[in-house]
file work.cif (mmCIF, C-alpha atoms)
data_coords
#
loop_
_atom_site.label_atom_id
_atom_site.label_comp_id
_atom_site.auth_asym_id
_atom_site.auth_seq_id
_atom_site.Cartn_x
_atom_site.Cartn_y
_atom_site.Cartn_z
CA ALA E 1 43.92 38.13 25.44
CA GLN E 2 42.29 34.97 24.20
CA SER E 3 38.77 33.89 23.30
CA VAL E 4 36.91 30.99 21.75
CA THR E 5 33.75 31.01 19.67
CA GLN E 6 31.76 27.86 19.06
CA LEU E 7 29.24 28.16 16.25
CA GLY E 8 26.00 26.38 17.02
CA SER E 9 24.91 25.64 20.57
CA HIS E 10 23.05 22.55 19.36
CA VAL E 11 23.96 20.21 16.51
CA SER E 12 21.92 17.19 15.42
CA VAL E 13 23.25 14.42 13.20
CA SER E 14 21.96 11.03 12.20
CA GLU E 15 23.73 7.94 13.44
CA GLY E 16 26.49 7.13 10.95
CA ALA E 17 26.69 10.66 9.58
CA LEU E 18 29.65 13.03 9.71
CA VAL E 19 30.06 15.06 12.87
CA LEU E 20 31.42 18.60 12.46
CA LEU E 21 31.62 20.94 15.43
CA ARG E 22 33.04 24.38 14.73
CA CYS E 23 35.48 26.36 16.84
CA ASN E 24 37.24 29.63 16.10
CA TYR E 25 39.78 31.16 18.42
CA SER E 26 41.55 34.41 19.10
CA SER E 27 44.92 34.47 20.80
CA SER E 28 47.74 36.98 21.11
CA VAL E 29 50.29 34.16 21.25
CA PRO E 30 50.55 30.90 19.29
CA PRO E 31 47.51 29.04 20.56
CA TYR E 32 47.33 25.83 22.52
CA LEU E 33 43.89 24.40 21.75
CA PHE E 34 41.75 21.74 23.37
CA TRP E 35 38.50 19.92 22.89
CA TYR E 36 36.81 18.59 26.02
CA VAL E 37 33.70 16.41 26.12
CA GLN E 38 31.07 16.35 28.86
CA TYR E 39 28.70 13.41 29.05
CA PRO E 40 25.42 13.92 30.91
CA ASN E 41 25.89 14.48 34.64
CA GLN E 42 29.65 14.12 34.40
CA GLY E 43 32.69 16.37 34.47
CA LEU E 44 34.69 17.37 31.43
CA GLN E 45 37.31 15.03 30.00
CA LEU E 46 39.97 15.72 27.42
CA LEU E 47 39.17 14.62 23.88
CA LEU E 48 42.28 15.97 22.15
CA LYS E 49 44.68 18.89 22.14
CA TYR E 50 46.94 20.80 19.77
CA THR E 51 50.15 22.32 21.00
CA THR E 52 52.77 22.41 18.24
CA GLY E 53 53.72 20.24 15.28
CA ALA E 54 51.23 18.28 13.21
CA THR E 55 48.12 20.31 12.58
CA LEU E 56 45.81 17.29 12.37
CA VAL E 57 45.30 15.94 15.84
CA LYS E 58 43.68 12.63 16.63
CA GLY E 59 41.83 12.05 19.87
CA ILE E 60 39.83 9.41 21.64
CA ASN E 61 36.71 7.72 20.28
CA GLY E 62 37.60 8.42 16.64
CA PHE E 63 37.51 12.20 16.87
CA GLU E 64 40.06 14.47 15.25
CA ALA E 65 40.58 18.18 14.82
CA GLU E 66 42.61 20.28 12.43
CA PHE E 67 44.40 23.47 13.41
CA LYS E 68 44.17 26.06 10.63
CA LYS E 69 46.11 29.16 11.49
CA SER E 70 44.97 31.12 8.43
CA GLU E 71 41.33 30.57 9.41
CA THR E 72 41.92 30.73 13.20
CA SER E 73 39.90 27.54 13.43
CA PHE E 74 40.09 24.24 15.26
CA HIS E 75 37.03 22.30 14.09
CA LEU E 76 36.23 18.87 15.53
CA THR E 77 35.18 16.03 13.25
CA LYS E 78 34.25 12.38 13.34
CA PRO E 79 33.46 10.43 10.15
CA SER E 80 30.57 8.40 11.57
CA ALA E 81 28.48 9.36 14.58
CA HIS E 82 27.55 6.83 17.24
CA MET E 83 24.72 7.14 19.71
CA SER E 84 27.33 7.20 22.47
CA ASP E 85 28.74 10.46 21.06
CA ALA E 86 25.75 12.41 22.35
CA ALA E 87 27.31 14.89 24.77
CA GLU E 88 28.34 18.50 25.10
CA TYR E 89 31.64 19.51 23.54
CA PHE E 90 33.79 22.43 24.63
CA CYS E 91 36.57 24.05 22.67
CA ALA E 92 39.20 25.81 24.76
CA VAL E 93 42.43 27.79 24.46
CA SER E 94 45.06 28.04 27.16
CA ASP E 95 47.64 30.54 28.28
CA ASN E 96 50.27 30.62 31.02
CA GLN E 97 49.72 33.42 33.53
CA GLY E 98 51.36 31.78 36.51
CA TYR E 99 48.69 29.14 36.25
CA GLN E 100 47.08 27.43 33.29
CA LYS E 101 44.48 29.98 32.28
CA VAL E 102 41.96 28.11 30.15
CA THR E 103 39.27 29.99 28.26
CA PHE E 104 36.34 27.77 27.32
CA GLY E 105 33.81 28.21 24.58
CA THR E 106 30.12 28.16 25.39
CA GLY E 107 29.75 24.55 24.32
CA THR E 108 27.93 22.62 21.59
CA LYS E 109 25.42 19.94 22.47
CA LEU E 110 25.53 17.08 20.02
CA GLN E 111 22.39 15.07 19.48
CA VAL E 112 22.63 11.79 17.57
CA ILE E 113 19.41 10.65 15.95
CA PRO E 114 18.93 6.89 15.43
CA ASN D 1 43.09 6.27 41.57
CA ALA D 2 39.81 8.03 42.23
CA GLY D 3 41.02 11.11 40.31
CA VAL D 4 39.07 14.22 41.30
CA THR D 5 36.10 13.81 43.61
CA GLN D 6 33.56 16.37 44.78
CA THR D 7 31.11 16.38 47.66
CA PRO D 8 28.23 16.86 47.80
CA LYS D 9 26.76 16.01 44.39
CA PHE D 10 23.57 18.00 44.94
CA ARG D 11 22.52 20.68 47.38
CA VAL D 12 19.58 23.02 47.82
CA LEU D 13 20.11 26.15 49.91
CA LYS D 14 17.93 29.01 50.97
CA THR D 15 19.07 32.57 50.33
CA GLY D 16 21.52 33.63 53.01
CA GLN D 17 22.61 30.16 54.04
CA SER D 18 26.22 29.08 53.88
CA MET D 19 27.89 25.94 52.68
CA THR D 20 31.25 24.46 51.74
CA LEU D 21 32.00 22.36 48.69
CA LEU D 22 34.87 19.92 48.99
CA CYS D 23 37.19 18.89 46.18
CA ALA D 24 39.79 16.17 46.62
CA GLN D 25 42.40 14.83 44.20
CA ASP D 26 44.76 11.90 44.59
CA MET D 27 47.09 12.66 41.68
CA ASN D 28 49.53 14.84 43.63
CA HIS D 29 48.64 17.82 41.44
CA GLU D 30 49.93 21.23 42.43
CA TYR D 31 47.25 23.29 40.73
CA MET D 32 43.54 23.21 41.51
CA TYR D 33 40.64 25.22 40.15
CA TRP D 34 36.99 25.94 40.87
CA TYR D 35 34.71 26.69 37.92
CA ARG D 36 31.02 27.37 37.61
CA GLN D 37 29.04 26.24 34.60
CA ASP D 38 25.93 28.11 33.52
CA PRO D 39 23.81 27.48 30.41
CA GLY D 40 25.18 29.26 27.36
CA MET D 41 28.20 30.58 29.23
CA GLY D 42 30.65 27.72 29.25
CA LEU D 43 32.90 27.38 32.29
CA ARG D 44 34.09 30.39 34.23
CA LEU D 45 36.95 30.32 36.70
CA ILE D 46 36.03 31.32 40.26
CA HIS D 47 39.28 30.78 42.18
CA TYR D 48 42.43 28.76 41.72
CA SER D 49 45.39 27.55 43.74
CA VAL D 50 48.98 27.04 42.63
CA GLY D 51 49.93 25.01 45.68
CA GLU D 52 49.21 24.18 49.28
CA GLY D 53 48.44 27.30 51.28
CA THR D 54 47.94 29.54 48.23
CA THR D 55 44.78 30.78 46.55
CA ALA D 56 43.97 33.45 43.99
CA LYS D 57 40.95 35.03 42.34
CA GLY D 58 39.74 33.98 38.95
CA GLU D 59 37.23 35.56 36.62
CA VAL D 60 34.12 35.52 38.88
CA PRO D 61 35.28 35.41 42.54
CA ASP D 62 32.64 37.61 44.19
CA GLY D 63 30.57 35.84 46.83
CA TYR D 64 32.99 32.92 47.16
CA ASN D 65 35.96 32.08 49.35
CA VAL D 66 38.43 29.21 49.07
CA SER D 67 41.05 27.44 51.11
CA ARG D 68 43.83 24.98 50.33
CA LEU D 69 45.14 23.79 53.67
CA LYS D 70 46.21 20.42 52.29
CA LYS D 71 47.66 19.80 48.85
CA GLN D 72 44.98 17.26 47.95
CA ASN D 73 41.96 19.34 49.03
CA PHE D 74 40.47 22.57 47.70
CA LEU D 75 37.41 23.96 49.46
CA LEU D 76 34.92 26.43 48.02
CA GLY D 77 32.75 28.36 50.45
CA LEU D 78 29.61 30.38 50.02
CA GLU D 79 29.13 32.59 53.09
CA SER D 80 25.69 33.94 52.19
CA ALA D 81 24.16 32.17 49.23
CA ALA D 82 22.24 34.11 46.59
CA PRO D 83 19.96 32.84 43.79
CA SER D 84 22.57 34.07 41.28
CA GLN D 85 24.88 31.36 42.64
CA THR D 86 22.58 28.61 41.39
CA SER D 87 24.90 26.72 39.08
CA VAL D 88 26.90 23.56 38.55
CA TYR D 89 30.32 23.76 40.18
CA PHE D 90 33.31 21.86 38.90
CA CYS D 91 36.65 21.34 40.47
CA ALA D 92 39.70 20.58 38.33
CA SER D 93 43.37 19.93 38.88
CA ASN D 94 46.60 19.65 36.92
CA LEU D 95 50.31 19.31 37.40
CA GLY D 96 51.47 22.80 36.57
CA ALA D 97 51.15 26.07 34.79
CA VAL D 98 52.31 24.82 31.41
CA ARG D 99 49.95 25.71 28.61
CA ASP D 100 49.66 22.21 27.17
CA ASP D 101 48.72 20.49 30.43
CA THR D 102 45.46 18.57 30.76
CA GLN D 103 43.02 19.57 33.45
CA TYR D 104 41.20 16.72 35.21
CA PHE D 105 37.66 17.47 36.29
CA GLY D 106 35.47 16.20 39.06
CA PRO D 107 31.86 15.11 38.44
CA GLY D 108 30.38 18.40 39.60
CA THR D 109 28.09 19.72 42.33
CA ARG D 110 24.65 20.93 41.33
CA LEU D 111 23.65 23.79 43.64
CA THR D 112 20.24 25.43 43.77
CA VAL D 113 19.69 28.55 45.84
CA LEU D 114 16.05 29.38 46.51
#

call {"tool": "encode", "arguments": {"input": "work.cif", "output": "structure tokens"}}
result
Amino acid sequence: AQSVTQLGSHVSVSEGALVLLRCNYSSSVPPYLFWYVQYPNQGLQLLLKYTTGATLVKGINGFEAEFKKSETSFHLTKPSAHMSDAAEYFCAVSDNQGYQKVTFGTGTKLQVIP
Amino acid sequence: NAGVTQTPKFRVLKTGQSMTLLCAQDMNHEYMYWYRQDPGMGLRLIHYSVGEGTTAKGEVPDGYNVSRLKKQNFLLGLESAAPSQTSVYFCASNLGAVRDDTQYFGPGTRLTVL
């Protein structure tokens, strides 16, 4: 069984400030973790993913996430927020059950204040 | 490449009416998925397909049917729409069942059932 919890359905940051979006997971097997981003009126697109190896993963648009097994966390960060980062972000964990079973979190909407 | 496309983009139905949502992908992906997205609930899997001619139930299949007659197309049908099916529907596809694969999403169909 697997699950994802995203703390905070809405997060507001000022332009130029640090972005921190929290994600905790539960998985019965070593987790494969993803962050997807959804811009208004668009589908989801992959931001970054962790499978094995280096625990600090870099993604597109300056985002990165760190896998911490001891904390069962996979928080997403960006040093300096841009207005274009305003979107909804989904953390997800995947499993193989004859298909790629992806369990999504409930999402965090990021607002960037000028 | 157009990626994953969905038609229509918007639709309003009356209770009891039927409709079909079309998903098409030009990436030669084997696996295709239909999700629904509701506020505060993330994405939930309705049905999926592991190849042409195959379909299977996901997490929330009741009230929906699907068909995959051609590898590039995955159709989602509502035989008798209900207000509880008001949602945004996303189609996704990927190469295989491997856990680290990336799913590619369409832009979504916003459905309102009155």

call {"tool": "atom_distance", "arguments": {"input": "work.cif", "atom1": "CA of Arg22 (chain E)", "atom2": "CA of Val93 (chain E)"}}
result
13.9 Å

call {"tool": "closest_atom_pairs", "arguments": {"input": "work.cif", "of": "chain E", "to": "chain D", "cutoff": "9 Å", "atoms": "only C-alpha atoms", "output": "tab-separated table"}}
result
residue	atom	partner	partner_atom	distance
E:Ser9	CA	D:Gly40	CA	7.7
E:Tyr32	CA	D:Asp100	CA	6.3
E:Leu33	CA	D:Asp100	CA	8.2
E:Phe34	CA	D:Asp100	CA	8.8
E:Asn41	CA	D:Pro107	CA	7.1
E:Gln42	CA	D:Pro107	CA	4.7
E:Gly43	CA	D:Pro107	CA	4.2
E:Leu44	CA	D:Phe105	CA	5.7
E:Gln45	CA	D:Tyr104	CA	6.7
E:Leu46	CA	D:Thr102	CA	7.0
E:Lys49	CA	D:Asp100	CA	7.8
E:Tyr50	CA	D:Asp100	CA	8.0
E:Thr51	CA	D:Asp100	CA	6.2
E:Phe90	CA	D:Gly42	CA	7.7
E:Val93	CA	D:Arg99	CA	8.8
E:Ser94	CA	D:Arg99	CA	5.6
E:Asp95	CA	D:Arg99	CA	5.4
E:Asn96	CA	D:Arg99	CA	5.5
E:Gln97	CA	D:Ala97	CA	7.6
E:Gly98	CA	D:Ala97	CA	6.0
E:Tyr99	CA	D:Ala97	CA	4.2
E:Gln100	CA	D:Ala97	CA	4.5
E:Lys101	CA	D:Arg99	CA	7.9
E:Val102	CA	D:Arg99	CA	8.5
E:Thr103	CA	D:Arg44	CA	7.9
E:Phe104	CA	D:Gly42	CA	6.0
E:Gly105	CA	D:Gly42	CA	5.7
E:Thr106	CA	D:Gly42	CA	3.9
E:Gly107	CA	D:Gly42	CA	5.9

call {"tool": "atom_distance", "arguments": {"input": "work.cif", "atom1": "CA of Gly16 (chain D)", "atom2": "CA of Thr54 (chain D)"}}
result
27.2 Å

call {"tool": "atom_distance", "arguments": {"input": "work.cif", "atom1": "CA of Lys58 (chain E)", "atom2": "CA of Ser12 (chain E)"}}
result
22.3 Å

call {"tool": "resolve_selection", "arguments": {"input": "work.cif", "expression": "the PyMOL selection byres ((chain E and resi 109-111) around 8)", "output": "NGL selection string"}}
result
:E and (9-13 or 85-89 or 107-108 or 112-113)
